[in-house]
file structure36.txt (compact mmCIF, C-alpha atoms)
# COMPACT_ATOMS: atom_id res chain seq x y z
CA MET A 51 -102.49 47.56 -163.37
CA PHE A 52 -104.83 45.44 -161.26
CA ARG A 53 -102.76 46.04 -158.11
CA TRP A 54 -102.84 49.77 -158.80
CA TRP A 55 -106.64 49.72 -158.92
CA VAL A 56 -106.82 47.68 -155.72
CA SER A 57 -104.47 50.09 -153.94
CA SER A 58 -106.49 53.07 -155.19
CA LEU A 59 -109.73 51.55 -153.91
CA GLN A 60 -108.14 50.81 -150.52
CA LEU A 61 -106.91 54.39 -150.20
CA LEU A 62 -110.35 55.70 -151.21
CA GLU A 63 -112.03 53.47 -148.63
CA LEU A 64 -109.55 54.66 -145.98
CA PHE A 65 -110.24 58.30 -146.84
CA VAL A 66 -114.03 57.88 -146.75
CA SER A 67 -113.96 55.84 -143.51
CA SER A 68 -111.64 58.33 -141.85
CA LEU A 69 -113.85 61.25 -142.87
CA VAL A 70 -117.04 59.57 -141.63
CA HIS A 71 -115.47 58.59 -138.29
CA LEU A 72 -114.04 62.07 -137.85
CA LEU A 73 -117.40 63.70 -138.54
CA PHE A 74 -119.18 61.31 -136.18
CA GLY A 75 -116.63 61.99 -133.44
CA PHE A 76 -117.11 65.72 -133.95
CA TYR A 77 -120.88 65.23 -133.78
CA ILE A 78 -120.64 63.39 -130.45
CA PHE A 79 -118.23 65.94 -129.00
CA SER A 80 -120.24 68.96 -130.17
CA THR A 81 -123.47 67.40 -128.88
CA ALA A 82 -121.91 66.97 -125.46
CA VAL A 83 -120.56 70.53 -125.43
CA ALA A 84 -123.91 71.95 -126.56
CA GLY A 85 -125.69 70.00 -123.83
CA ASP A 86 -123.33 71.33 -121.19
CA MET A 87 -123.68 74.91 -122.42
CA SER A 88 -127.47 74.58 -122.40
CA GLN A 89 -127.41 73.25 -118.85
CA THR A 90 -125.10 76.06 -117.72
CA ILE A 91 -127.32 78.75 -119.26
CA ASN A 92 -130.41 77.11 -117.78
CA ASP A 93 -128.85 77.07 -114.30
CA LEU A 94 -127.72 80.68 -114.69
CA PHE A 95 -131.08 82.12 -115.63
CA PHE A 96 -133.40 79.83 -113.72
CA LYS A 97 -131.34 79.32 -110.57
CA PRO A 98 -133.57 81.63 -108.43
CA ASN A 99 -136.62 79.54 -109.34
CA LEU A 100 -134.80 76.31 -108.66
CA ALA A 101 -133.51 77.43 -105.27
CA SER A 102 -136.97 77.40 -103.73
CA GLY A 103 -137.38 73.73 -104.58
CA LEU A 104 -133.92 72.54 -103.54
CA GLN A 105 -134.96 71.60 -100.04
CA ASN A 106 -137.84 69.42 -101.23
CA ASP A 107 -135.61 67.87 -103.90
CA GLU A 108 -132.98 67.03 -101.30
CA VAL A 109 -135.55 65.28 -99.12
CA GLU A 110 -136.82 63.26 -102.08
CA LYS A 111 -133.25 62.41 -103.07
CA GLN A 112 -132.47 61.12 -99.58
CA LYS A 113 -135.61 58.98 -99.63
CA SER A 114 -134.70 57.56 -103.03
CA THR A 115 -131.12 56.84 -101.93
CA THR A 116 -132.30 55.10 -98.79
CA SER A 117 -134.80 52.94 -100.68
CA SER A 118 -132.21 51.85 -103.22
CA ASP A 119 -129.42 51.12 -100.73
CA ASP A 120 -130.58 47.54 -100.29
CA LEU A 121 -130.62 46.84 -104.03
CA PRO A 122 -127.66 45.08 -105.65
CA PRO A 123 -126.46 47.40 -108.43
CA ILE A 124 -126.89 46.81 -112.12
CA VAL A 125 -123.62 47.74 -113.85
CA LEU A 126 -123.63 48.89 -117.49
CA VAL A 127 -120.11 48.53 -118.89
CA HIS A 128 -119.25 50.30 -122.13
CA GLY A 129 -117.08 48.80 -124.83
CA ILE A 130 -114.46 50.04 -127.26
CA PHE A 131 -114.48 53.84 -127.75
CA GLY A 132 -117.22 54.10 -125.12
CA PHE A 133 -117.40 56.26 -122.00
CA GLY A 134 -118.98 56.20 -118.58
CA LYS A 135 -120.91 58.60 -116.44
CA GLY A 136 -119.12 61.91 -115.97
CA LYS A 137 -117.39 61.92 -119.35
CA LEU A 138 -118.49 63.98 -122.35
CA GLY A 139 -120.52 66.21 -120.04
CA GLY A 140 -124.07 65.07 -119.52
CA LEU A 141 -124.13 62.80 -122.59
CA SER A 142 -125.19 59.24 -121.85
CA TYR A 143 -123.42 56.43 -123.69
CA PHE A 144 -126.40 54.16 -123.05
CA ALA A 145 -128.83 56.86 -124.22
CA GLY A 146 -130.37 57.27 -120.78
CA ALA A 147 -131.07 53.58 -120.16
CA GLU A 148 -129.45 53.90 -116.73
CA LYS A 149 -132.45 55.97 -115.60
CA LYS A 150 -134.76 52.98 -115.97
CA ASP A 151 -133.77 51.51 -112.61
CA GLU A 152 -133.16 52.79 -109.09
CA ARG A 153 -129.55 51.65 -108.83
CA VAL A 154 -127.57 51.54 -112.06
CA LEU A 155 -123.84 52.19 -112.24
CA VAL A 156 -122.07 53.33 -115.41
CA PRO A 157 -118.30 53.15 -114.80
CA ASP A 158 -115.84 54.96 -117.04
CA LEU A 159 -113.18 52.44 -118.06
CA GLY A 160 -110.35 52.70 -120.56
CA SER A 161 -112.00 52.84 -123.97
CA LEU A 162 -109.00 51.26 -125.69
CA THR A 163 -107.21 49.51 -122.85
CA SER A 164 -106.90 45.72 -122.70
CA ILE A 165 -109.55 43.46 -121.18
CA TYR A 166 -107.14 42.73 -118.33
CA ASP A 167 -106.70 46.42 -117.50
CA ARG A 168 -110.43 47.12 -117.88
CA ALA A 169 -111.26 44.27 -115.48
CA ARG A 170 -108.91 45.73 -112.89
CA GLU A 171 -110.40 49.19 -113.34
CA LEU A 172 -113.94 47.84 -112.98
CA PHE A 173 -113.03 45.98 -109.80
CA TYR A 174 -111.62 49.09 -108.13
CA TYR A 175 -114.51 51.20 -109.40
CA LEU A 176 -116.89 48.95 -107.48
CA LYS A 177 -114.64 48.33 -104.48
CA GLY A 178 -112.89 51.69 -104.19
CA GLY A 179 -109.20 52.40 -103.74
CA GLN A 180 -106.28 52.90 -106.10
CA VAL A 181 -106.27 50.78 -109.24
CA ASP A 182 -103.57 48.10 -109.05
CA TYR A 183 -102.71 46.52 -112.40
CA GLY A 184 -100.42 43.95 -110.80
CA GLU A 185 -96.64 44.06 -110.58
CA GLU A 186 -95.88 41.25 -113.05
CA HIS A 187 -98.31 42.48 -115.70
CA SER A 188 -97.17 46.09 -115.36
CA LYS A 189 -93.50 45.21 -115.79
CA ALA A 190 -94.23 42.98 -118.79
CA CYS A 191 -96.27 45.69 -120.54
CA GLY A 192 -94.11 48.66 -119.56
CA HIS A 193 -96.52 50.81 -117.57
CA THR A 194 -96.88 51.89 -113.95
CA GLN A 195 -98.41 49.41 -111.53
CA PHE A 196 -100.88 51.81 -109.97
CA GLY A 197 -103.52 53.91 -111.68
CA ILE A 198 -105.98 56.47 -110.42
CA GLY A 199 -107.41 56.41 -106.93
CA ILE A 200 -111.18 55.96 -106.79
CA THR A 201 -113.19 57.39 -103.92
CA LEU A 202 -116.34 55.52 -103.00
CA ASN A 203 -119.63 57.30 -102.70
CA ARG A 204 -122.84 55.98 -101.18
CA MET A 205 -124.22 54.96 -104.57
CA ARG A 206 -121.25 52.76 -105.43
CA ILE A 207 -120.54 50.85 -102.24
CA ILE A 208 -120.89 47.12 -102.85
CA PRO A 209 -121.28 45.32 -99.49
CA PHE A 210 -118.71 42.62 -98.81
CA THR A 211 -121.38 39.93 -98.68
CA LEU A 212 -122.42 40.68 -102.27
CA TRP A 213 -119.00 40.09 -103.82
CA ASP A 214 -119.89 36.48 -104.58
CA ILE A 215 -122.44 37.76 -107.13
CA ARG A 216 -120.64 37.34 -110.40
CA PRO A 217 -121.31 39.79 -113.24
CA VAL A 218 -122.96 38.54 -116.39
CA GLY A 219 -120.46 39.13 -119.17
CA LYS A 220 -118.77 37.56 -122.12
CA LEU A 221 -115.63 37.50 -124.15
CA PHE A 222 -116.22 37.20 -127.84
CA GLU A 223 -114.35 36.34 -130.97
CA SER A 224 -114.42 38.63 -134.00
CA CYS A 225 -112.99 38.27 -137.47
CA SER A 226 -114.08 41.87 -138.14
CA LYS A 227 -110.83 42.88 -136.48
CA CYS A 228 -108.98 40.89 -139.14
CA LEU A 229 -109.92 43.72 -141.48
CA LEU A 230 -107.52 45.84 -139.42
CA ILE A 231 -105.22 43.29 -137.73
CA ARG A 232 -102.81 40.99 -139.52
CA PRO A 233 -104.48 37.54 -139.54
CA GLU A 234 -101.04 35.91 -139.32
CA ASP A 235 -100.56 36.79 -135.65
CA GLY A 236 -103.81 38.43 -134.55
CA LYS A 237 -101.87 41.24 -132.87
CA SER A 238 -100.11 43.68 -135.17
CA LEU A 239 -101.96 46.31 -137.20
CA LYS A 240 -101.98 46.28 -140.96
CA PRO A 241 -99.61 49.00 -142.28
CA VAL A 242 -102.41 50.95 -143.98
CA CYS A 243 -105.75 50.95 -142.18
CA LEU A 244 -108.12 53.16 -140.22
CA LEU A 245 -106.72 52.05 -136.87
CA GLN A 246 -103.22 53.18 -137.83
CA LEU A 247 -104.60 56.71 -138.07
CA CYS A 248 -106.48 56.14 -134.82
CA ARG A 249 -103.28 54.92 -133.14
CA ILE A 250 -101.43 58.08 -134.15
CA GLY A 251 -104.33 60.25 -132.97
CA VAL A 252 -104.51 58.52 -129.57
CA ILE A 253 -100.75 58.86 -128.99
CA LEU A 254 -100.84 62.58 -129.85
CA TYR A 255 -103.95 63.07 -127.69
CA ASP A 256 -102.20 61.57 -124.65
CA TRP A 257 -98.88 63.29 -125.44
CA PHE A 258 -100.36 66.80 -125.55
CA ASP A 259 -102.10 65.95 -122.26
CA ILE A 260 -104.58 68.83 -122.22
CA PRO A 261 -106.27 68.52 -118.78
CA TRP A 262 -109.76 69.84 -119.61
CA LEU A 263 -109.89 67.75 -122.78
CA LYS A 264 -108.84 64.54 -121.03
CA ASN A 265 -111.36 65.20 -118.28
CA TYR A 266 -113.96 65.34 -121.02
CA TYR A 267 -112.82 62.12 -122.68
CA ASN A 268 -109.97 59.74 -121.94
CA PHE A 269 -108.77 56.69 -123.85
CA GLY A 270 -107.47 55.20 -120.59
CA PHE A 271 -103.71 55.11 -121.13
CA ASP A 272 -102.69 57.41 -118.27
CA HIS A 273 -100.75 54.57 -116.62
CA TYR A 274 -98.44 54.55 -119.66
CA ASN A 275 -97.31 58.11 -118.87
CA MET A 276 -97.22 59.28 -122.48
CA SER A 277 -97.52 62.98 -121.60
CA TRP A 278 -94.96 65.38 -123.13
CA LYS A 279 -93.99 66.32 -119.58
CA GLN A 280 -92.73 62.79 -118.94
CA ILE A 281 -91.43 61.38 -122.22
CA GLY A 282 -90.52 64.50 -124.23
CA ILE A 283 -90.23 64.64 -127.98
CA TRP A 284 -88.10 61.49 -128.35
CA GLY A 285 -90.57 59.51 -126.30
CA LEU A 286 -93.27 60.62 -128.71
CA VAL A 287 -91.17 59.48 -131.66
CA ASN A 288 -90.66 56.06 -130.06
CA CYS A 289 -94.41 55.70 -129.45
CA LEU A 290 -95.24 56.68 -133.01
CA MET A 291 -92.65 54.23 -134.37
CA GLY A 292 -94.15 51.43 -132.30
CA LYS A 293 -91.17 50.94 -130.00
CA THR A 294 -92.88 51.86 -126.72
CA GLY A 295 -96.40 52.34 -125.38
CA PRO A 296 -99.52 50.17 -125.35
CA PHE A 297 -99.54 49.62 -129.10
CA ALA A 298 -96.00 48.23 -128.92
CA SER A 299 -96.65 45.91 -125.97
CA GLY A 300 -100.02 44.72 -127.29
CA ASP A 301 -101.67 45.75 -124.02
CA TRP A 302 -104.73 47.30 -125.63
CA ILE A 303 -108.20 46.18 -126.60
CA LEU A 304 -107.99 45.11 -130.24
CA PRO A 305 -105.61 42.13 -129.93
CA ASP A 306 -107.98 40.78 -127.26
CA LEU A 307 -110.92 40.95 -129.67
CA THR A 308 -109.40 38.90 -132.46
CA ILE A 309 -110.25 35.22 -132.74
CA GLN A 310 -106.77 34.25 -131.54
CA GLY A 311 -106.88 36.67 -128.61
CA SER A 312 -110.36 35.60 -127.54
CA ILE A 313 -109.43 31.93 -127.64
CA ARG A 314 -106.50 32.70 -125.34
CA LEU A 315 -108.72 34.63 -122.90
CA ASN A 316 -111.70 32.28 -123.07
CA SER A 317 -109.51 29.31 -122.24
CA ASN A 318 -109.23 30.70 -118.70
CA MET A 319 -112.95 31.49 -118.35
CA GLN A 320 -115.90 29.37 -117.30
CA THR A 321 -119.65 29.60 -117.24
CA PHE A 322 -120.66 29.57 -113.58
CA PRO A 323 -123.48 27.16 -112.69
CA ASP A 324 -125.19 29.68 -110.36
CA THR A 325 -125.04 32.69 -112.69
CA TYR A 326 -127.74 33.75 -115.17
CA TYR A 327 -126.58 34.69 -118.68
CA PHE A 328 -128.50 36.43 -121.45
CA SER A 329 -127.02 37.94 -124.62
CA TYR A 330 -128.47 40.21 -127.28
CA ALA A 331 -126.70 39.77 -130.62
CA THR A 332 -127.29 42.35 -133.33
CA LYS A 333 -127.37 41.63 -137.06
CA GLN A 334 -127.68 43.92 -140.07
CA THR A 335 -127.39 41.27 -142.79
CA ARG A 336 -129.56 38.66 -144.48
CA LYS A 337 -129.27 35.82 -146.97
CA VAL A 338 -130.32 36.33 -150.60
CA MET A 339 -130.00 33.20 -152.75
CA GLY A 340 -127.38 31.88 -150.37
CA ILE A 341 -125.35 35.12 -150.42
CA THR A 342 -124.94 37.29 -147.31
CA VAL A 343 -125.82 40.91 -148.04
CA PRO A 344 -126.57 44.00 -145.90
CA SER A 345 -130.22 44.34 -144.87
CA GLY A 346 -132.16 47.56 -144.46
CA LEU A 347 -129.56 49.74 -146.15
CA LEU A 348 -131.28 52.96 -145.11
CA ARG A 349 -131.24 51.86 -141.46
CA ILE A 350 -127.48 51.25 -141.32
CA HIS A 351 -125.59 54.05 -139.64
CA PRO A 352 -123.16 55.80 -142.06
CA LEU A 353 -120.34 55.02 -139.63
CA LEU A 354 -120.84 51.29 -140.22
CA PHE A 355 -122.10 51.07 -143.79
CA ILE A 356 -118.77 50.24 -145.46
CA ARG A 357 -117.80 47.83 -142.69
CA VAL A 358 -121.03 45.82 -143.07
CA LEU A 359 -120.21 45.32 -146.75
CA GLN A 360 -116.61 44.34 -146.05
CA MET A 361 -117.51 41.80 -143.40
CA CYS A 362 -120.11 40.19 -145.68
CA VAL A 363 -117.40 39.21 -148.16
CA TRP A 364 -114.53 38.51 -145.79
CA ARG A 365 -112.22 35.69 -146.86
CA HIS A 366 -109.45 34.34 -144.66
CA PRO A 367 -106.15 34.53 -146.60
CA PRO A 368 -105.53 31.11 -148.19
CA ASP A 369 -101.81 31.28 -147.42
CA VAL A 370 -102.40 31.81 -143.69
CA PRO A 371 -103.35 28.94 -141.35
CA PRO A 372 -106.95 29.24 -140.07
CA PRO A 373 -107.36 30.59 -136.52
CA TYR A 374 -108.94 27.36 -135.29
CA LYS A 375 -109.77 23.86 -136.50
CA GLY A 376 -113.01 23.77 -138.49
CA TYR A 377 -112.98 27.49 -139.34
CA ARG A 378 -115.37 28.48 -142.15
CA ASP A 379 -115.67 32.00 -143.58
CA GLU A 380 -119.44 31.83 -144.07
CA GLU A 381 -120.05 31.39 -140.33
CA TRP A 382 -118.60 34.86 -139.76
CA TRP A 383 -120.39 36.81 -142.52
CA ASP A 384 -123.48 37.86 -140.56
CA ASN A 385 -122.56 41.06 -138.74
CA ASP A 386 -123.75 44.40 -137.37
CA GLY A 387 -121.06 46.59 -138.92
CA ALA A 388 -118.61 46.20 -136.04
CA LEU A 389 -118.84 42.62 -134.80
CA ASN A 390 -119.75 39.29 -136.29
CA THR A 391 -123.12 38.11 -135.01
CA ILE A 392 -121.72 34.67 -134.19
CA SER A 393 -119.29 36.30 -131.77
CA MET A 394 -121.99 37.97 -129.67
CA THR A 395 -124.19 35.03 -128.69
CA HIS A 396 -122.08 32.98 -126.27
CA PRO A 397 -118.49 31.77 -125.78
CA ARG A 398 -117.75 29.23 -128.52
CA LEU A 399 -113.98 28.90 -128.58
CA PRO A 400 -111.93 26.98 -127.63
CA VAL A 401 -114.89 25.10 -126.08
CA GLU A 402 -118.54 25.93 -126.67
CA HIS A 403 -120.43 26.80 -123.49
CA PRO A 404 -124.03 25.65 -122.76
CA ASN A 405 -126.42 27.83 -124.74
CA HIS A 406 -129.96 28.27 -126.04
CA HIS A 407 -131.16 30.43 -128.93
CA VAL A 408 -134.29 32.33 -127.84
CA VAL A 409 -136.85 33.06 -130.55
CA LYS A 410 -139.77 33.68 -128.18
CA ASP A 411 -139.35 34.76 -124.58
CA SER A 412 -141.74 32.05 -123.46
CA GLU A 413 -139.09 29.48 -124.44
CA CYS A 414 -136.84 30.47 -121.56
CA GLN A 415 -139.34 30.76 -118.72
CA PRO A 416 -138.07 30.27 -116.15
CA LEU A 417 -134.43 31.08 -116.86
CA GLN A 418 -131.95 28.44 -115.82
CA PRO A 419 -128.54 29.42 -114.44
CA GLY A 420 -125.38 28.20 -116.15
CA ILE A 421 -126.83 28.55 -119.67
CA TRP A 422 -126.13 31.31 -122.18
CA TYR A 423 -129.52 32.38 -123.52
CA TYR A 424 -129.17 34.60 -126.58
CA LYS A 425 -131.51 36.55 -128.81
CA ILE A 426 -130.69 37.95 -132.27
CA VAL A 427 -131.96 41.47 -132.87
CA GLU A 428 -132.16 43.26 -136.22
CA GLY A 429 -129.98 46.35 -136.03
CA ASP A 430 -126.47 47.73 -136.38
CA HIS A 431 -123.84 47.90 -133.65
CA ILE A 432 -124.70 51.35 -132.31
CA LEU A 433 -128.50 51.11 -132.51
CA PHE A 434 -128.92 50.94 -128.73
CA ILE A 435 -126.42 53.60 -127.64
CA ILE A 436 -126.02 57.40 -127.79
CA ASN A 437 -129.18 58.14 -129.79
CA ARG A 438 -132.31 56.64 -128.26
CA GLU A 439 -134.57 57.70 -131.14
CA ARG A 440 -132.84 55.44 -133.66
CA ALA A 441 -134.00 52.25 -131.94
CA GLY A 442 -137.42 53.58 -131.00
CA LEU A 443 -139.61 51.00 -129.26
CA GLN A 444 -136.86 48.37 -129.53
CA PHE A 445 -134.75 50.42 -127.13
CA ASP A 446 -137.31 50.25 -124.35
CA LEU A 447 -138.16 46.62 -124.97
CA MET A 448 -134.54 45.51 -124.77
CA TYR A 449 -133.38 47.52 -121.76
CA ASP A 450 -136.63 46.91 -119.87
CA SER A 451 -136.21 43.17 -120.33
CA ILE A 452 -132.56 43.36 -119.20
CA PHE A 453 -133.39 45.20 -116.02
CA GLU A 454 -136.44 43.04 -115.36
CA ARG A 455 -134.36 39.88 -115.60
CA CYS A 456 -131.68 41.33 -113.33
CA ARG A 457 -134.16 42.36 -110.67
CA LYS A 458 -136.09 39.11 -110.89
CA HIS A 459 -133.03 37.22 -109.67
CA ALA A 460 -131.84 39.80 -107.12
CA PHE A 461 -133.98 40.34 -104.06
CA ARG A 462 -134.49 43.63 -102.27
CA LYS A 463 -132.93 42.97 -98.89
CA LYS A 464 -130.52 44.55 -96.47
CA PRO A 465 -127.31 42.50 -96.70
CA THR A 466 -125.61 41.30 -93.52
CA MET A 467 -122.26 42.97 -93.06
CA PRO A 468 -119.27 40.93 -91.80
CA ASN A 469 -119.23 42.69 -88.41
CA GLN A 470 -122.87 41.67 -87.86
CA LEU A 471 -122.37 37.93 -88.26
CA SER A 472 -121.45 37.36 -84.61
CA GLN A 473 -124.31 39.46 -83.24

call {"tool": "encode", "arguments": {"input": "structure36.txt", "output": "structure tokens"}}
result
Amino acid sequence: MFRWWVSSLQLLELFVSSLVHLLFGFYIFSTAVAGDMSQTINDLFFKPNLASGLQNDEVEKQKSTTSSDDLPPIVLVHGIFGFGKGKLGGLSYFAGAEKKDERVLVPDLGSLTSIYDRARELFYYLKGGQVDYGEEHSKACGHTQFGIGITLNRMRIIPFTLWDIRPVGKLFESCSKCLLIRPEDGKSLKPVCLLQLCRIGVILYDWFDIPWLKNYYNFGFDHYNMSWKQIGIWGLVNCLMGKTGPFASGDWILPDLTIQGSIRLNSNMQTFPDTYYFSYATKQTRKVMGITVPSGLLRIHPLLFIRVLQMCVWRHPPDVPPPYKGYRDEEWWDNDGALNTISMTHPRLPVEHPNHHVVKDSECQPLQPGIWYYKIVEGDHILFIINRERAGLQFDLMYDSIFERCRKHAFRKKPTMPNQLSQ
């Protein structure tokens, strides 16, 4: 009887979560479509008025481009289920934060592809050329070696002499994914969970391969060639059964975000002594009489409400070995509805990197390279994306400080090109 009640509650939670995610996805998509339609109508009716000012606008644009050419770019990289500039019409994933600086790039990477594939895509986005995933990796994972070709424009050219500037980034560990991934191996999905439905939806999305729809939003699995034109109906069956495709090979984002996957990836990473690091970790929980509970219930986005509750009470299965020596459940209870707060501050596993918790900004003046400074901000996981109004003043304070720190350590100068060194 008890198992029946547990199963019923799990199915109810799956139904509610699926409905909320579906409605939120529809909201995002419809908002993007409405924005595009509004822009089209505006251009149609007001084009004569705009034409008279095009020449002046073009002059101003050229001046702005010239003045920003000598600035190293700030690159905003989206995460899981995110999107870059040019996708979902005119909708901004970072809620317009990219307009706060003269030279900000917002690449569109695979929203569900592995960290390895995303790194390759980011490299070729900045450098230009056809994405090369590597022969060995491609054969092991069962996809084509080469992806899309990327044409450079003036805004995206990164001079050769700037390639030694390493991006500030992090890999993180997350037991939130254990709610969806089997903790035994940190790779395979649980048989009944939200991501199983997502997996089926993604496979069908790529299989139907509707050009205008994929131009609007793409999960990033084009190099797996899952279109009906290439694999047919039996190929679809094999993908759905988990015999082929990214979900069969494990070459997608979620296995990389588990504790086990992050330990594997972090073991090959290092904190560079000449690079500045600063993290913002979000938290939507607090302690009440020693118990972790959600905080500010009315401020939690409906998309994340159930997940905040689940992560607050997460217990690693007693019959499964812990993911690392010294693991304690309570260290992973603080969360923002998508990630554990502990996972967002700095690399901790398998070896903890140099770090400093910032309570007041004056504590880290001046910033020292080679140290992960981190600040904990009250808010859920999507507070600072899509909808700027939700974060209010916090939005401007956070992004302004990010861009200010970036520009403080990057000087406006015309870089010397390789062919100029001998002159």

call {"tool": "closest_atom_pairs", "arguments": {"input": "structure36.txt", "of": "region 308-350 of chain A", "to": "region 412-428 of chain A", "cutoff": "8 Å", "atoms": "all atoms listed in the file", "output": "Markdown table"}}
result
| residue | atom | partner | partner_atom | distance |
| --- | --- | --- | --- | --- |
| A:Thr321 | CA | A:Gly420 | CA | 6.0 |
| A:Phe322 | CA | A:Gly420 | CA | 5.5 |
| A:Pro323 | CA | A:Gly420 | CA | 4.1 |
| A:Asp324 | CA | A:Pro419 | CA | 5.3 |
| A:Thr325 | CA | A:Pro419 | CA | 5.1 |
| A:Tyr326 | CA | A:Pro419 | CA | 4.5 |
| A:Tyr327 | CA | A:Trp422 | CA | 4.9 |
| A:Phe328 | CA | A:Tyr423 | CA | 4.7 |
| A:Ser329 | CA | A:Tyr424 | CA | 4.4 |
| A:Tyr330 | CA | A:Lys425 | CA | 5.0 |
| A:Ala331 | CA | A:Ile426 | CA | 4.7 |
| A:Thr332 | CA | A:Val427 | CA | 4.8 |
| A:Lys333 | CA | A:Glu428 | CA | 5.1 |
| A:Gln334 | CA | A:Glu428 | CA | 5.9 |

call {"tool": "closest_residue", "arguments": {"input": "structure36.txt", "among": "A:His431, A:Lys177, A:Lys293, A:Arg457", "to": "Thr335 (chain A)", "atoms": "all atoms listed in the file"}}
result
A:His431

call {"tool": "residues_around", "arguments": {"input": "structure36.txt", "residues": "Pro344 (chain A)", "least_positions_apart": "5", "cutoff": "12 Å", "atoms": "all atoms listed in the file", "output": "MDAnalysis selection string"}}
result
chainID A and resid 333:338 349:351 354:363 383:387 428:430

call {"tool": "residues_near_point", "arguments": {"input": "structure36.txt", "point": "(-104.6, 63.0, -123.9)", "cutoff": "10 Å", "atoms": "all atoms listed in the file", "output": "PDB file with C-alpha atoms, in the coordinates of the input"}}
result
ATOM      1  CA  GLY A 251    -104.330  60.250-132.970  1.00  0.00           C
ATOM      2  CA  VAL A 252    -104.510  58.520-129.570  1.00  0.00           C
ATOM      3  CA  ILE A 253    -100.750  58.860-128.990  1.00  0.00           C
ATOM      4  CA  LEU A 254    -100.840  62.580-129.850  1.00  0.00           C
ATOM      5  CA  TYR A 255    -103.950  63.070-127.690  1.00  0.00           C
ATOM      6  CA  ASP A 256    -102.200  61.570-124.650  1.00  0.00           C
ATOM      7  CA  TRP A 257     -98.880  63.290-125.440  1.00  0.00           C
ATOM      8  CA  PHE A 258    -100.360  66.800-125.550  1.00  0.00           C
ATOM      9  CA  ASP A 259    -102.100  65.950-122.260  1.00  0.00           C
ATOM     10  CA  ILE A 260    -104.580  68.830-122.220  1.00  0.00           C
ATOM     11  CA  PRO A 261    -106.270  68.520-118.780  1.00  0.00           C
ATOM     12  CA  TRP A 262    -109.760  69.840-119.610  1.00  0.00           C
ATOM     13  CA  LEU A 263    -109.890  67.750-122.780  1.00  0.00           C
ATOM     14  CA  LYS A 264    -108.840  64.540-121.030  1.00  0.00           C
ATOM     15  CA  ASN A 265    -111.360  65.200-118.280  1.00  0.00           C
ATOM     16  CA  TYR A 267    -112.820  62.120-122.680  1.00  0.00           C
ATOM     17  CA  ASN A 268    -109.970  59.740-121.940  1.00  0.00           C
ATOM     18  CA  PHE A 269    -108.770  56.690-123.850  1.00  0.00           C
ATOM     19  CA  GLY A 270    -107.470  55.200-120.590  1.00  0.00           C
ATOM     20  CA  PHE A 271    -103.710  55.110-121.130  1.00  0.00           C
ATOM     21  CA  ASP A 272    -102.690  57.410-118.270  1.00  0.00           C
ATOM     22  CA  MET A 276     -97.220  59.280-122.480  1.00  0.00           C
ATOM     23  CA  SER A 277     -97.520  62.980-121.600  1.00  0.00           C
ATOM     24  CA  TRP A 278     -94.960  65.380-123.130  1.00  0.00           C
TER      25      TRP A 278
END

call {"tool": "residues_around", "arguments": {"input": "structure36.txt", "residues": "region 161-174 of chain A", "least_positions_apart": "6", "cutoff": "10 Å", "atoms": "all atoms listed in the file", "output": "JSON, numbers by chain"}}
result
{"A": [125, 127, 128, 129, 130, 131, 132, 133, 134, 180, 181, 182, 183, 184, 187, 188, 197, 198, 199, 200, 201, 202, 221, 252, 267, 268, 269, 270, 271, 296, 297, 300, 301, 302, 303, 304, 305, 306, 307, 315]}

call {"tool": "atom_distance", "arguments": {"input": "structure36.txt", "atom1": "CA of Ser317 (chain A)", "atom2": "CA of Tyr377 (chain A)"}}
result
17.5 Å

call {"tool": "residues_around", "arguments": {"input": "structure36.txt", "residues": "Asp450 (chain A)", "least_positions_apart": "6", "cutoff": "10 Å", "atoms": "only C-alpha atoms", "output": "list in words"}}
result
Ala147, Lys150, Asp151, Gln444 and Cys456 of chain A

call {"tool": "atom_distance", "arguments": {"input": "structure36.txt", "atom1": "CA of Val408 (chain A)", "atom2": "CA of Glu439 (chain A)"}}
result
25.6 Å

call {"tool": "closest_residue", "arguments": {"input": "structure36.txt", "among": "A:His403, A:Glu381, A:Gly236, A:His273", "to": "Phe196 (chain A)", "atoms": "only C-alpha atoms"}}
result
A:His273

call {"tool": "atom_distance", "arguments": {"input": "structure36.txt", "atom1": "CA of Thr81 (chain A)", "atom2": "CA of Gly139 (chain A)"}}
result
9.4 Å

call {"tool": "closest_residue", "arguments": {"input": "structure36.txt", "among": "A:Leu347, A:Leu121, A:Ile452, A:Leu244", "to": "Glu63 (chain A)", "atoms": "all atoms listed in the file"}}
result
A:Leu244

call {"tool": "closest_residue", "arguments": {"input": "structure36.txt", "among": "A:Ile436, A:Leu247, A:Ile91, A:Cys289", "to": "Leu72 (chain A)", "atoms": "only C-alpha atoms"}}
result
A:Leu247
